[in-house]
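Engineer: Contents of protein38.csv (CSV, C-alpha atoms and all ligand atoms) are below:
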```csv
chain,number,residue,atom,x,y,z
A,1,MET,CA,0.0,0.0,0.0
A,2,ALA,CA,1.1,3.5,-0.8
A,3,GLU,CA,-1.3,5.8,1.1
A,4,LEU,CA,-1.0,9.4,0.0
A,5,SER,CA,-0.1,12.0,2.6
A,6,TYR,CA,-2.5,14.7,3.3
A,7,ALA,CA,-0.5,17.1,1.2
A,8,GLU,CA,-0.3,14.7,-1.7
A,9,THR,CA,-4.1,14.1,-1.6
A,10,ALA,CA,-4.7,17.8,-1.6
A,11,ALA,CA,-2.3,18.3,-4.6
A,12,LEU,CA,-4.0,15.5,-6.5
A,13,ARG,CA,-7.5,17.0,-5.9
A,14,ASN,CA,-6.1,20.3,-7.2
A,15,VAL,CA,-4.8,18.7,-10.4
A,16,VAL,CA,-8.2,17.0,-11.0
A,17,SER,CA,-10.1,20.2,-10.2
A,18,ARG,CA,-7.9,22.3,-12.6
A,19,ALA,CA,-8.3,19.7,-15.4
A,20,VAL,CA,-12.1,19.6,-14.9
A,21,ASN,CA,-12.4,23.4,-14.7
A,22,GLU,CA,-10.2,24.0,-17.7
A,23,THR,CA,-11.5,21.4,-20.1
A,24,GLN,CA,-13.9,22.9,-22.7
A,25,ILE,CA,-17.1,20.9,-22.9
A,26,THR,CA,-19.2,19.6,-25.7
A,27,ASP,CA,-22.7,19.7,-24.2
A,28,ILE,CA,-24.5,16.8,-25.9
A,29,HIS,CA,-28.1,17.7,-25.2
A,30,THR,CA,-29.6,21.2,-24.7
A,31,HIS,CA,-32.7,23.2,-25.8
A,32,ILE,CA,-30.8,26.4,-26.7
A,33,TYR,CA,-30.3,27.9,-30.1
A,34,PRO,CA,-28.0,30.5,-31.8
A,35,PRO,CA,-29.3,34.1,-32.1
A,36,ALA,CA,-30.2,33.5,-35.7
A,37,PHE,CA,-33.1,31.4,-34.5
A,38,GLY,CA,-34.7,34.5,-33.0
A,39,ASP,CA,-37.3,34.0,-30.2
A,40,LEU,CA,-36.4,30.3,-29.9
A,41,LEU,CA,-33.3,31.4,-28.0
A,42,LEU,CA,-34.4,32.1,-24.4
A,43,TRP,CA,-32.1,34.1,-22.2
A,44,GLY,CA,-32.1,36.6,-19.3
A,45,VAL,CA,-33.4,36.7,-15.8
A,46,ASP,CA,-37.1,36.5,-16.5
A,47,GLU,CA,-36.5,33.4,-18.6
A,48,LEU,CA,-34.4,31.9,-15.8
A,49,LEU,CA,-37.1,32.6,-13.2
A,50,THR,CA,-39.9,31.2,-15.3
A,51,TYR,CA,-38.0,27.9,-16.0
A,52,HIS,CA,-40.5,25.1,-15.6
A,53,TYR,CA,-38.6,23.6,-12.7
A,54,LEU,CA,-39.3,26.8,-10.7
A,55,VAL,CA,-42.9,27.1,-11.8
A,56,ALA,CA,-43.5,23.6,-10.3
A,57,GLU,CA,-41.8,24.6,-7.1
A,58,THR,CA,-43.6,28.0,-6.8
A,59,MET,CA,-47.1,26.4,-7.3
A,60,ARG,CA,-46.5,24.3,-4.2
A,61,TYR,CA,-46.6,27.4,-2.1
A,62,LEU,CA,-49.5,29.3,-3.8
A,63,ASN,CA,-53.2,29.0,-3.6
A,64,MET,CA,-53.5,30.3,-7.1
A,65,GLY,CA,-55.0,28.1,-9.9
A,66,CYS,CA,-52.7,27.1,-12.7
A,67,ASP,CA,-54.8,28.9,-15.3
A,68,HIS,CA,-54.5,32.1,-13.3
A,69,PHE,CA,-50.7,31.7,-13.2
A,70,TRP,CA,-50.4,31.1,-16.9
A,71,ALA,CA,-52.6,34.0,-17.7
A,72,LEU,CA,-50.1,36.4,-16.1
A,73,ALA,CA,-47.5,38.1,-18.4
A,74,LYS,CA,-44.1,36.5,-18.2
A,75,ARG,CA,-42.6,39.4,-16.2
A,76,SER,CA,-45.4,39.0,-13.6
A,77,GLN,CA,-44.8,35.3,-13.4
A,78,ALA,CA,-41.2,36.0,-12.8
A,79,ASP,CA,-42.1,38.6,-10.1
A,80,LEU,CA,-44.3,36.0,-8.4
A,81,ILE,CA,-41.7,33.3,-8.5
A,82,TRP,CA,-39.0,35.6,-7.2
A,83,LYS,CA,-41.2,36.7,-4.3
A,84,THR,CA,-42.3,33.2,-3.5
A,85,LEU,CA,-39.1,31.2,-3.8
A,86,PHE,CA,-36.4,33.8,-3.1
A,87,ILE,CA,-37.8,36.5,-0.8
A,88,GLU,CA,-40.4,34.7,1.3
A,89,ARG,CA,-38.1,31.7,2.0
A,90,SER,CA,-34.5,30.8,1.3
A,91,PRO,CA,-33.8,29.5,-2.3
A,92,ILE,CA,-32.2,26.3,-1.4
A,93,SER,CA,-33.6,24.0,-4.1
A,94,GLU,CA,-31.1,23.1,-6.9
A,95,ALA,CA,-33.1,25.1,-9.5
A,96,CYS,CA,-33.2,28.2,-7.3
A,97,ARG,CA,-29.6,27.9,-6.4
A,98,GLY,CA,-28.9,27.7,-10.1
A,99,VAL,CA,-30.4,31.2,-10.7
A,100,LEU,CA,-28.1,32.6,-8.0
A,101,THR,CA,-25.0,30.9,-9.5
A,102,VAL,CA,-25.8,32.5,-12.9
A,103,LEU,CA,-26.3,36.0,-11.5
A,104,ASP,CA,-23.1,35.7,-9.3
A,105,ARG,CA,-20.9,34.4,-12.1
A,106,LEU,CA,-22.1,37.3,-14.3
A,107,GLY,CA,-20.8,39.6,-11.6
A,108,LEU,CA,-24.1,40.7,-10.2
A,109,ASP,CA,-24.5,41.2,-6.5
A,110,VAL,CA,-27.1,38.6,-5.3
A,111,SER,CA,-27.0,40.1,-1.8
A,112,THR,CA,-29.1,43.1,-3.0
A,113,ARG,CA,-32.0,40.7,-3.9
A,114,SER,CA,-33.0,43.4,-6.3
A,115,LEU,CA,-34.7,41.8,-9.3
A,116,ASP,CA,-35.0,45.1,-11.0
A,117,SER,CA,-31.3,45.7,-11.0
A,118,TYR,CA,-30.7,42.3,-12.5
A,119,ARG,CA,-33.3,43.1,-15.2
A,120,ARG,CA,-31.5,46.3,-16.0
A,121,PHE,CA,-28.2,44.3,-16.5
A,122,PHE,CA,-29.9,42.0,-19.0
A,123,ALA,CA,-31.8,44.8,-20.8
A,124,GLY,CA,-28.5,46.3,-21.9
A,125,ARG,CA,-27.0,43.1,-23.4
A,126,ASN,CA,-26.3,42.4,-27.1
A,127,VAL,CA,-27.4,38.8,-27.6
A,128,GLU,CA,-24.5,37.8,-29.9
A,129,GLU,CA,-22.0,39.1,-27.4
A,130,TYR,CA,-23.9,37.5,-24.5
A,131,VAL,CA,-23.8,34.1,-26.1
A,132,ASP,CA,-20.0,34.4,-26.3
A,133,GLN,CA,-19.8,35.5,-22.7
A,134,VAL,CA,-22.0,32.6,-21.5
A,135,PHE,CA,-20.0,30.0,-23.4
A,136,GLU,CA,-16.9,31.5,-22.0
A,137,LEU,CA,-18.1,31.5,-18.4
A,138,ALA,CA,-19.6,28.0,-18.7
A,139,GLY,CA,-16.4,26.6,-20.3
A,140,VAL,CA,-18.5,25.2,-23.1
A,141,LYS,CA,-17.1,25.0,-26.6
A,142,SER,CA,-20.1,23.6,-28.4
A,143,VAL,CA,-23.6,22.4,-27.7
A,144,VAL,CA,-26.1,20.0,-29.3
A,145,MET,CA,-29.5,21.5,-29.9
A,146,THR,CA,-32.9,19.8,-30.0
A,147,ASN,CA,-34.3,20.5,-33.5
A,148,ASP,CA,-37.9,19.6,-34.2
A,149,PRO,CA,-39.1,19.8,-37.9
A,150,PHE,CA,-42.6,19.6,-36.6
A,151,ASP,CA,-42.2,22.9,-34.7
A,152,ASP,CA,-43.8,25.6,-36.8
A,153,ALA,CA,-41.4,28.2,-35.3
A,154,GLU,CA,-38.3,26.2,-36.1
A,155,ARG,CA,-39.1,24.5,-39.4
A,156,PRO,CA,-39.0,27.7,-41.6
A,157,ILE,CA,-35.6,28.6,-40.2
A,158,TRP,CA,-34.1,25.4,-41.5
A,159,LEU,CA,-36.0,25.7,-44.8
A,160,SER,CA,-34.5,29.2,-45.3
A,161,ASN,CA,-31.0,27.6,-45.4
A,162,LYS,CA,-29.5,30.1,-43.0
A,163,SER,CA,-26.0,29.2,-41.9
A,164,VAL,CA,-25.9,28.0,-38.3
A,165,ASP,CA,-23.3,29.2,-35.8
A,166,SER,CA,-20.7,26.3,-35.8
A,167,ARG,CA,-20.8,26.1,-32.0
A,168,PHE,CA,-24.4,24.8,-32.3
A,169,HIS,CA,-24.8,21.3,-33.6
A,170,ALA,CA,-28.1,19.9,-34.5
A,171,ALA,CA,-30.0,16.8,-33.3
A,172,LEU,CA,-33.1,15.7,-35.2
A,173,ARG,CA,-35.9,15.4,-32.7
A,174,ILE,CA,-38.6,12.9,-33.8
A,175,ASP,CA,-41.1,12.9,-31.0
A,176,GLY,CA,-43.6,14.3,-33.5
A,177,LEU,CA,-43.2,11.2,-35.6
A,178,LEU,CA,-43.0,8.5,-32.9
A,179,ASN,CA,-45.2,9.7,-30.1
A,180,SER,CA,-48.1,11.3,-32.2
A,181,TRP,CA,-48.2,9.5,-35.5
A,182,GLN,CA,-51.9,10.2,-36.3
A,183,ALA,CA,-51.2,13.9,-36.0
A,184,ALA,CA,-47.9,13.6,-38.0
A,185,VAL,CA,-49.5,12.0,-41.0
A,186,PRO,CA,-51.4,15.0,-42.4
A,187,ARG,CA,-48.4,17.2,-41.9
A,188,LEU,CA,-46.0,14.8,-43.6
A,189,ARG,CA,-48.5,14.6,-46.5
A,190,GLU,CA,-48.6,18.4,-46.7
A,191,TRP,CA,-44.8,18.4,-47.0
A,192,GLY,CA,-44.9,16.0,-49.9
A,193,TYR,CA,-44.3,12.6,-48.2
A,194,LYS,CA,-46.7,9.9,-49.2
A,195,VAL,CA,-47.6,8.4,-45.8
A,196,ASN,CA,-50.7,6.7,-44.5
A,197,ASN,CA,-52.2,6.1,-41.1
A,198,GLU,CA,-51.2,2.5,-41.5
A,199,VAL,CA,-47.5,2.0,-41.6
A,200,ASN,CA,-47.3,0.2,-45.0
A,201,ALA,CA,-44.5,-0.1,-47.5
A,202,GLU,CA,-45.2,3.3,-49.1
A,203,THR,CA,-45.2,4.9,-45.7
A,204,VAL,CA,-42.0,3.2,-44.7
A,205,ASP,CA,-40.2,4.5,-47.8
A,206,ASP,CA,-41.3,8.1,-47.3
A,207,VAL,CA,-40.7,8.2,-43.6
A,208,ARG,CA,-37.1,7.1,-44.3
A,209,ARG,CA,-36.9,9.8,-46.9
A,210,PHE,CA,-38.2,12.4,-44.4
A,211,LEU,CA,-35.6,11.3,-41.9
A,212,THR,CA,-32.7,11.4,-44.3
A,213,ASP,CA,-33.9,14.7,-45.8
A,214,TRP,CA,-33.9,16.3,-42.3
A,215,LEU,CA,-30.7,14.7,-41.1
A,216,ASP,CA,-29.0,16.2,-44.2
A,217,ARG,CA,-30.7,19.6,-44.0
A,218,MET,CA,-29.7,20.0,-40.3
A,219,ASN,CA,-26.4,18.1,-40.6
A,220,ALA,CA,-27.8,16.4,-37.4
A,221,LEU,CA,-25.4,14.4,-35.2
A,222,TYR,CA,-28.1,12.0,-34.0
A,223,MET,CA,-31.9,11.3,-34.0
A,224,ALA,CA,-33.6,11.7,-30.6
A,225,VAL,CA,-36.9,11.0,-28.9
A,226,SER,CA,-38.2,11.2,-25.4
A,227,LEU,CA,-40.3,8.1,-24.4
A,228,PRO,CA,-42.7,7.2,-21.6
A,229,PRO,CA,-41.9,4.6,-19.0
A,230,THR,CA,-44.4,2.3,-20.7
A,231,PHE,CA,-42.3,2.2,-23.9
A,232,GLU,CA,-42.1,-1.3,-25.3
A,233,PHE,CA,-40.0,-2.7,-28.2
A,234,PRO,CA,-40.7,-4.7,-30.3
A,235,GLU,CA,-44.3,-3.5,-30.3
A,236,HIS,CA,-47.2,-3.9,-32.7
A,237,SER,CA,-48.0,-0.2,-32.9
A,238,PRO,CA,-47.2,2.6,-35.4
A,239,ARG,CA,-44.3,3.6,-33.1
A,240,GLY,CA,-42.9,0.1,-33.0
A,241,ARG,CA,-43.0,-0.3,-36.7
A,242,LEU,CA,-41.6,3.2,-37.4
A,243,ILE,CA,-38.6,2.4,-35.1
A,244,SER,CA,-37.9,-1.0,-36.6
A,245,GLU,CA,-38.6,-0.2,-40.2
A,246,CYS,CA,-37.6,3.5,-40.5
A,247,VAL,CA,-35.5,4.9,-37.7
A,248,LEU,CA,-33.2,2.0,-37.2
A,249,PRO,CA,-32.5,1.3,-40.9
A,250,VAL,CA,-31.8,5.0,-41.3
A,251,ALA,CA,-29.6,5.1,-38.2
A,252,ILE,CA,-27.6,2.1,-39.5
A,253,GLU,CA,-27.3,3.4,-43.1
A,254,THR,CA,-26.2,6.9,-42.0
A,255,GLY,CA,-24.2,5.9,-39.0
A,256,ARG,CA,-26.2,8.3,-36.9
A,257,PRO,CA,-27.0,7.2,-33.3
A,258,PHE,CA,-30.6,6.9,-32.1
A,259,ALA,CA,-30.9,8.8,-28.8
A,260,MET,CA,-33.6,7.6,-26.4
A,261,MET,CA,-34.5,9.6,-23.3
A,262,ILE,CA,-36.8,7.2,-21.4
A,263,GLY,CA,-39.0,7.5,-18.4
A,264,VAL,CA,-41.0,10.8,-18.8
A,265,LYS,CA,-44.7,10.6,-17.8
A,266,LYS,CA,-46.3,13.4,-19.8
A,267,LEU,CA,-48.7,15.8,-18.0
A,268,THR,CA,-49.2,14.0,-14.8
A,269,ASN,CA,-50.7,17.3,-13.7
A,270,PRO,CA,-51.9,18.9,-17.0
A,271,GLY,CA,-52.6,22.3,-15.5
A,272,LEU,CA,-48.9,22.8,-14.9
A,273,ARG,CA,-48.2,22.3,-18.6
A,274,LEU,CA,-44.4,21.9,-19.2
A,275,ALA,CA,-44.0,21.8,-15.4
A,276,GLY,CA,-46.5,19.0,-15.2
A,277,ASP,CA,-44.5,16.0,-16.4
A,278,SER,CA,-43.4,13.3,-14.0
A,279,VAL,CA,-41.2,10.2,-13.9
A,280,GLY,CA,-41.7,6.4,-14.0
A,281,ARG,CA,-39.5,3.4,-14.0
A,282,SER,CA,-38.9,1.9,-17.4
A,283,SER,CA,-38.0,-1.5,-18.8
A,284,ILE,CA,-34.3,-2.2,-19.3
A,285,GLU,CA,-35.2,-5.3,-21.4
A,286,VAL,CA,-36.3,-2.9,-24.2
A,287,ILE,CA,-32.8,-1.4,-24.4
A,288,GLU,CA,-31.2,-4.9,-24.1
A,289,HIS,CA,-33.4,-6.1,-27.0
A,290,LEU,CA,-32.5,-3.1,-29.2
A,291,CYS,CA,-28.8,-3.3,-28.5
A,292,ALA,CA,-28.7,-7.1,-29.1
A,293,ASN,CA,-30.9,-7.2,-32.2
A,294,TYR,CA,-29.5,-4.1,-33.9
A,295,PRO,CA,-25.7,-4.5,-33.3
A,296,ASP,CA,-25.0,-2.1,-36.2
A,297,ALA,CA,-27.1,0.7,-34.7
A,298,LYS,CA,-25.7,3.0,-32.1
A,299,PHE,CA,-27.9,4.0,-29.1
A,300,LEU,CA,-27.4,7.0,-26.9
A,301,VAL,CA,-29.5,6.4,-23.8
A,302,THR,CA,-30.4,8.3,-20.6
A,303,MET,CA,-33.2,7.3,-18.2
A,304,LEU,CA,-35.2,9.5,-15.9
A,305,SER,CA,-35.8,7.2,-13.1
A,306,ARG,CA,-33.1,6.7,-10.4
A,307,GLU,CA,-34.2,3.1,-10.1
A,308,ASN,CA,-33.2,2.4,-13.7
A,309,GLN,CA,-29.6,3.7,-13.3
A,310,HIS,CA,-27.9,0.6,-12.1
A,311,GLU,CA,-29.4,-1.8,-14.7
A,312,LEU,CA,-28.6,0.7,-17.4
A,313,CYS,CA,-24.9,0.7,-16.4
A,314,VAL,CA,-25.0,-3.1,-16.4
A,315,ALA,CA,-26.6,-3.1,-19.9
A,316,ALA,CA,-23.8,-0.8,-21.2
A,317,ARG,CA,-21.2,-3.4,-19.9
A,318,LYS,CA,-22.8,-5.9,-22.3
A,319,PHE,CA,-23.3,-3.7,-25.4
A,320,ARG,CA,-20.7,-1.4,-26.8
A,321,ASN,CA,-23.3,0.1,-29.1
A,322,LEU,CA,-24.9,1.6,-26.0
A,323,HIS,CA,-23.6,4.9,-24.8
A,324,VAL,CA,-25.0,6.1,-21.5
A,325,PHE,CA,-25.2,9.9,-20.9
A,326,GLY,CA,-26.3,12.6,-18.5
A,327,CYS,CA,-28.2,12.9,-15.3
A,328,TRP,CA,-31.5,14.0,-16.7
A,329,TRP,CA,-34.0,16.5,-15.2
A,330,PHE,CA,-35.1,15.2,-11.8
A,331,LEU,CA,-31.7,13.5,-11.5
A,332,ASN,CA,-29.9,16.7,-12.1
A,333,ASN,CA,-29.4,17.3,-8.4
A,334,PRO,CA,-26.0,17.2,-6.5
A,335,SER,CA,-26.8,14.2,-4.4
A,336,LEU,CA,-28.0,12.1,-7.4
A,337,ILE,CA,-25.3,13.3,-9.8
A,338,ASN,CA,-22.7,12.3,-7.2
A,339,GLU,CA,-24.2,8.8,-6.7
A,340,ILE,CA,-24.9,8.1,-10.4
A,341,THR,CA,-21.5,9.4,-11.6
A,342,ARG,CA,-19.7,7.3,-9.0
A,343,MET,CA,-21.6,4.2,-9.9
A,344,ARG,CA,-21.0,4.7,-13.7
A,345,LEU,CA,-17.2,5.2,-13.2
A,346,GLU,CA,-17.1,2.1,-11.1
A,347,LEU,CA,-19.0,0.0,-13.5
A,348,LEU,CA,-18.0,1.5,-16.9
A,349,GLY,CA,-14.7,3.2,-16.2
A,350,LEU,CA,-14.4,6.2,-18.5
A,351,SER,CA,-16.7,5.0,-21.3
A,352,VAL,CA,-19.6,7.3,-20.5
A,353,THR,CA,-20.7,10.9,-20.9
A,354,PRO,CA,-21.5,11.7,-17.3
A,355,GLN,CA,-23.5,14.9,-17.9
A,356,HIS,CA,-25.4,17.1,-20.3
A,357,SER,CA,-27.0,20.4,-19.3
A,358,ASP,CA,-30.5,20.1,-20.9
A,359,ALA,CA,-30.3,24.0,-20.7
A,360,ARG,CA,-33.6,25.5,-21.9
A,361,VAL,CA,-32.3,29.0,-21.2
A,362,LEU,CA,-28.9,30.0,-22.5
A,363,ASP,CA,-27.7,31.4,-19.1
A,364,GLN,CA,-28.4,28.0,-17.5
A,365,LEU,CA,-25.2,26.7,-19.2
A,366,ILE,CA,-23.3,28.6,-16.5
A,367,TYR,CA,-24.9,27.0,-13.4
A,368,LYS,CA,-25.5,23.6,-14.7
A,369,TRP,CA,-21.9,23.1,-15.7
A,370,ALA,CA,-20.5,24.9,-12.6
A,371,HIS,CA,-22.5,22.6,-10.3
A,372,SER,CA,-21.8,19.4,-12.2
A,373,ARG,CA,-18.1,20.1,-12.7
A,374,ALA,CA,-17.7,20.4,-8.9
A,375,ILE,CA,-19.3,17.0,-8.3
A,376,ILE,CA,-17.6,15.2,-11.2
A,377,SER,CA,-14.2,16.6,-10.0
A,378,GLU,CA,-14.8,15.3,-6.5
A,379,VAL,CA,-15.8,11.9,-7.7
A,380,LEU,CA,-12.9,11.6,-10.1
A,381,ALA,CA,-10.4,12.8,-7.5
A,382,ASP,CA,-11.6,10.0,-5.2
A,383,LYS,CA,-11.0,7.5,-7.9
A,384,TYR,CA,-7.4,8.7,-8.6
A,385,ILE,CA,-6.7,8.7,-4.9
A,386,ASP,CA,-7.9,5.1,-4.7
A,387,LEU,CA,-5.6,4.2,-7.5
A,388,ALA,CA,-2.7,6.0,-5.8
A,389,ALA,CA,-3.3,3.9,-2.7
A,390,ALA,CA,-2.5,0.9,-4.9
A,391,GLY,CA,0.6,2.5,-6.2
A,392,TRP,CA,-0.8,3.8,-9.5
A,393,ARG,CA,-0.1,7.5,-9.9
A,394,ALA,CA,-2.0,9.1,-12.8
A,395,THR,CA,0.0,11.9,-14.3
A,396,GLU,CA,-1.6,15.3,-15.0
A,397,ASP,CA,-1.6,14.6,-18.7
A,398,GLU,CA,-3.4,11.3,-18.1
A,399,ILE,CA,-6.0,13.0,-16.0
A,400,ARG,CA,-6.5,15.7,-18.6
A,401,ARG,CA,-6.9,13.1,-21.3
A,402,ASP,CA,-9.5,11.3,-19.2
A,403,VAL,CA,-11.5,14.4,-18.4
A,404,ALA,CA,-11.5,15.4,-22.1
A,405,ASP,CA,-13.1,12.0,-22.9
A,406,LEU,CA,-15.8,12.5,-20.3
A,407,PHE,CA,-16.6,16.1,-21.4
A,408,GLY,CA,-17.1,15.3,-25.1
A,409,GLY,CA,-14.4,13.1,-26.4
A,410,ASN,CA,-16.3,9.9,-25.8
A,411,PHE,CA,-19.4,11.4,-27.4
A,412,TRP,CA,-17.5,12.5,-30.6
A,413,ASN,CA,-15.9,9.0,-30.9
A,414,PHE,CA,-19.3,7.4,-30.5
A,415,VAL,CA,-21.0,9.6,-33.1
A,416,ARG,CA,-18.2,9.3,-35.6
B,501,ZN,ZN,-34.1,17.8,-23.0
```
Written as structure tokens, how would this file's structure read?
Structural biologist:
Amino acid sequence: MAELSYAETAALRNVVSRAVNETQITDIHTHIYPPAFGDLLLWGVDELLTYHYLVAETMRYLNMGCDHFWALAKRSQADLIWKTLFIERSPISEACRGVLTVLDRLGLDVSTRSLDSYRRFFAGRNVEEYVDQVFELAGVKSVVMTNDPFDDAERPIWLSNKSVDSRFHAALRIDGLLNSWQAAVPRLREWGYKVNNEVNAETVDDVRRFLTDWLDRMNALYMAVSLPPTFEFPEHSPRGRLISECVLPVAIETGRPFAMMIGVKKLTNPGLRLAGDSVGRSSIEVIEHLCANYPDAKFLVTMLSRENQHELCVAARKFRNLHVFGCWWFLNNPSLINEITRMRLELLGLSVTPQHSDARVLDQLIYKWAHSRAIISEVLADKYIDLAAAGWRATEDEIRRDVADLFGGNFWNFVR
């Protein structure tokens, strides 16, 4: 045994922390856009405060009906959330703390608790410059967006062939296809694809054409869908047939991964809208079946339920075409990121992407990465200290290499 001295341990923690803080991240799943996408890019303090995580937390304290809340102007919603979660009680939840981290890193004085002064700061910003500043403060070099051709605000932007800021990579979101097929059919027809309610041969051909058209148009890195805990595969349903006969063949032919985010129960409380979704435990057998039966397809998978995390790690040990990523949504809390990251490193070594931001508001890149970096750094340092106790001293270069893999390198290798 070669136990490290207190000073050696502190020095090693320092090396890991510097590597983690200085490595530029590829954020593999977000909901942010470049400024050229206009109103789709959300930023600023009112957007931060009206994030759906904070809406859900606010409504726990109010007697107000959901309809009444949604009828308020965004600024009034933000006022109410600020008063309820930050002034009338201490903002200790992770989502509240995130707002404060953002304001603090931007150089604002959170001790004043003056929402109006924060608003004045944002009102004076130029959005292009602000994107640069946020990327810089977050230590993020590029992000992957969520791009939905069924979104009427987004589709025209792609059809106009505008050039996209190279820091923003596309991902083709296909929830519209897989989760509401009956509604997708008339729209696909309107766009010139010969599809029918029944997924027959003609439909299969043209859905494949739709997918390849949009992968090319967006230069998308992967196809993505969010799925309910009840998701089954194989399944005799339009979704089951669309996956087996359209999505997977296109994924294999183009080499693009199919990303599945599994475990979201939509609108458990419909009145809360985007804040009304919940979580359910999903079937790992579905993922095992997909990985085993489609060895030439690549699967990026994250699951929403904490209870699925261990079996997902074990599945990834069996299938190299399965890449596990991120601590999603209700898992994006320090205690759970710590637990999940530790387990993944112990079971999978460095062959994971431990985190994505899921940022819906540009500024959130700052806090999501600041908070996750601190935890990943602590977990990694513990692992290198354990190795040192066995006589294996990782060099600074080796540590930086490993961190670069976790913060984007593994993802890029998997995608290519
Ligand atoms: Zn997301």
Engineer: For ligand ZN 501 (chain B), list the contacting residues at 12 Å or closer, counting all atoms listed in the file, as a PDB file with C-alpha atoms, keeping the file's coordinate frame.
Structural biologist:
```pdb
ATOM      1  CA  ASP A  27     -22.700  19.700 -24.200  1.00  0.00           C
ATOM      2  CA  ILE A  28     -24.500  16.800 -25.900  1.00  0.00           C
ATOM      3  CA  HIS A  29     -28.100  17.700 -25.200  1.00  0.00           C
ATOM      4  CA  THR A  30     -29.600  21.200 -24.700  1.00  0.00           C
ATOM      5  CA  HIS A  31     -32.700  23.200 -25.800  1.00  0.00           C
ATOM      6  CA  ILE A  32     -30.800  26.400 -26.700  1.00  0.00           C
ATOM      7  CA  VAL A 144     -26.100  20.000 -29.300  1.00  0.00           C
ATOM      8  CA  MET A 145     -29.500  21.500 -29.900  1.00  0.00           C
ATOM      9  CA  THR A 146     -32.900  19.800 -30.000  1.00  0.00           C
ATOM     10  CA  ASN A 147     -34.300  20.500 -33.500  1.00  0.00           C
ATOM     11  CA  ASP A 148     -37.900  19.600 -34.200  1.00  0.00           C
ATOM     12  CA  ALA A 171     -30.000  16.800 -33.300  1.00  0.00           C
ATOM     13  CA  ARG A 173     -35.900  15.400 -32.700  1.00  0.00           C
ATOM     14  CA  ASP A 175     -41.100  12.900 -31.000  1.00  0.00           C
ATOM     15  CA  ALA A 224     -33.600  11.700 -30.600  1.00  0.00           C
ATOM     16  CA  VAL A 225     -36.900  11.000 -28.900  1.00  0.00           C
ATOM     17  CA  SER A 226     -38.200  11.200 -25.400  1.00  0.00           C
ATOM     18  CA  LEU A 227     -40.300   8.100 -24.400  1.00  0.00           C
ATOM     19  CA  ALA A 259     -30.900   8.800 -28.800  1.00  0.00           C
ATOM     20  CA  MET A 260     -33.600   7.600 -26.400  1.00  0.00           C
ATOM     21  CA  MET A 261     -34.500   9.600 -23.300  1.00  0.00           C
ATOM     22  CA  ILE A 262     -36.800   7.200 -21.400  1.00  0.00           C
ATOM     23  CA  VAL A 264     -41.000  10.800 -18.800  1.00  0.00           C
ATOM     24  CA  LEU A 274     -44.400  21.900 -19.200  1.00  0.00           C
ATOM     25  CA  THR A 302     -30.400   8.300 -20.600  1.00  0.00           C
ATOM     26  CA  MET A 303     -33.200   7.300 -18.200  1.00  0.00           C
ATOM     27  CA  LEU A 304     -35.200   9.500 -15.900  1.00  0.00           C
ATOM     28  CA  GLY A 326     -26.300  12.600 -18.500  1.00  0.00           C
ATOM     29  CA  CYS A 327     -28.200  12.900 -15.300  1.00  0.00           C
ATOM     30  CA  TRP A 328     -31.500  14.000 -16.700  1.00  0.00           C
ATOM     31  CA  TRP A 329     -34.000  16.500 -15.200  1.00  0.00           C
ATOM     32  CA  PHE A 330     -35.100  15.200 -11.800  1.00  0.00           C
ATOM     33  CA  ASN A 332     -29.900  16.700 -12.100  1.00  0.00           C
ATOM     34  CA  HIS A 356     -25.400  17.100 -20.300  1.00  0.00           C
ATOM     35  CA  SER A 357     -27.000  20.400 -19.300  1.00  0.00           C
ATOM     36  CA  ASP A 358     -30.500  20.100 -20.900  1.00  0.00           C
ATOM     37  CA  ALA A 359     -30.300  24.000 -20.700  1.00  0.00           C
ATOM     38  CA  ARG A 360     -33.600  25.500 -21.900  1.00  0.00           C
ATOM     39  CA  VAL A 361     -32.300  29.000 -21.200  1.00  0.00           C
TER      40      VAL A 361
END
```
Engineer: Can you tell me which residues surround Glu154 of chain A at a distance of at most 12 Å, considering all atoms listed in the file, apart from same-chain residues fewer than 2 positions away, and format the answer as a list of chain:residue names?
Structural biologist: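 Once the adjacent positions are removed, what remains is A:Tyr33, A:Pro34, A:Ala36, A:Phe37, A:Gly38, A:Asp39, A:Leu40, A:Leu41, A:Met145, A:Thr146, A:Asn147, A:Asp148, A:Pro149, A:Phe150, A:Asp151, A:Asp152, A:Pro156, A:Ile157, A:Trp158, A:Leu159, A:Ser160, A:Asn161, A:Lys162, A:Leu172, A:Arg173, A:Met218.
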Engineer: Would you please work out which residue, of A:Phe231, A:Tyr384, A:Tyr53, A:Phe411, is nearest to Thr9 of chain A when using all atoms listed in the file?
Structural biologist: A:Tyr384
Engineer: Residues within 9 Å of Phe258 of chain A, please, as a ChimeraX atom specification. Count only C-alpha atoms; anything in the same chain fewer than 3 positions from it doesn't count.
Structural biologist: /A:222-225,247-248,251,297-301
Engineer: What is the distance between atom CA of Trp181 of chain A and atom CA of Val204 of chain A, in Å to one decimal?
Structural biologist: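 Between these atoms lies a distance of 12.8 Å.
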Engineer: Measuring between only C-alpha atoms, which one of A:Thr26, A:Ser5, A:Asn63, A:Gln182 shows the shortest distance to Phe168 of chain A?
Structural biologist: A:Thr26
Engineer: Would you list the contacts of segment 102-114 of chain A as JSON, numbers by chain, taking every protein, DNA or RNA residue within 8 Å and counting all atoms listed in the file, but skipping same-chain residues closer than 2 positions in sequence?
Structural biologist: {"A": [87, 98, 99, 100, 116, 117, 118, 137, 363, 364, 366, 367]}
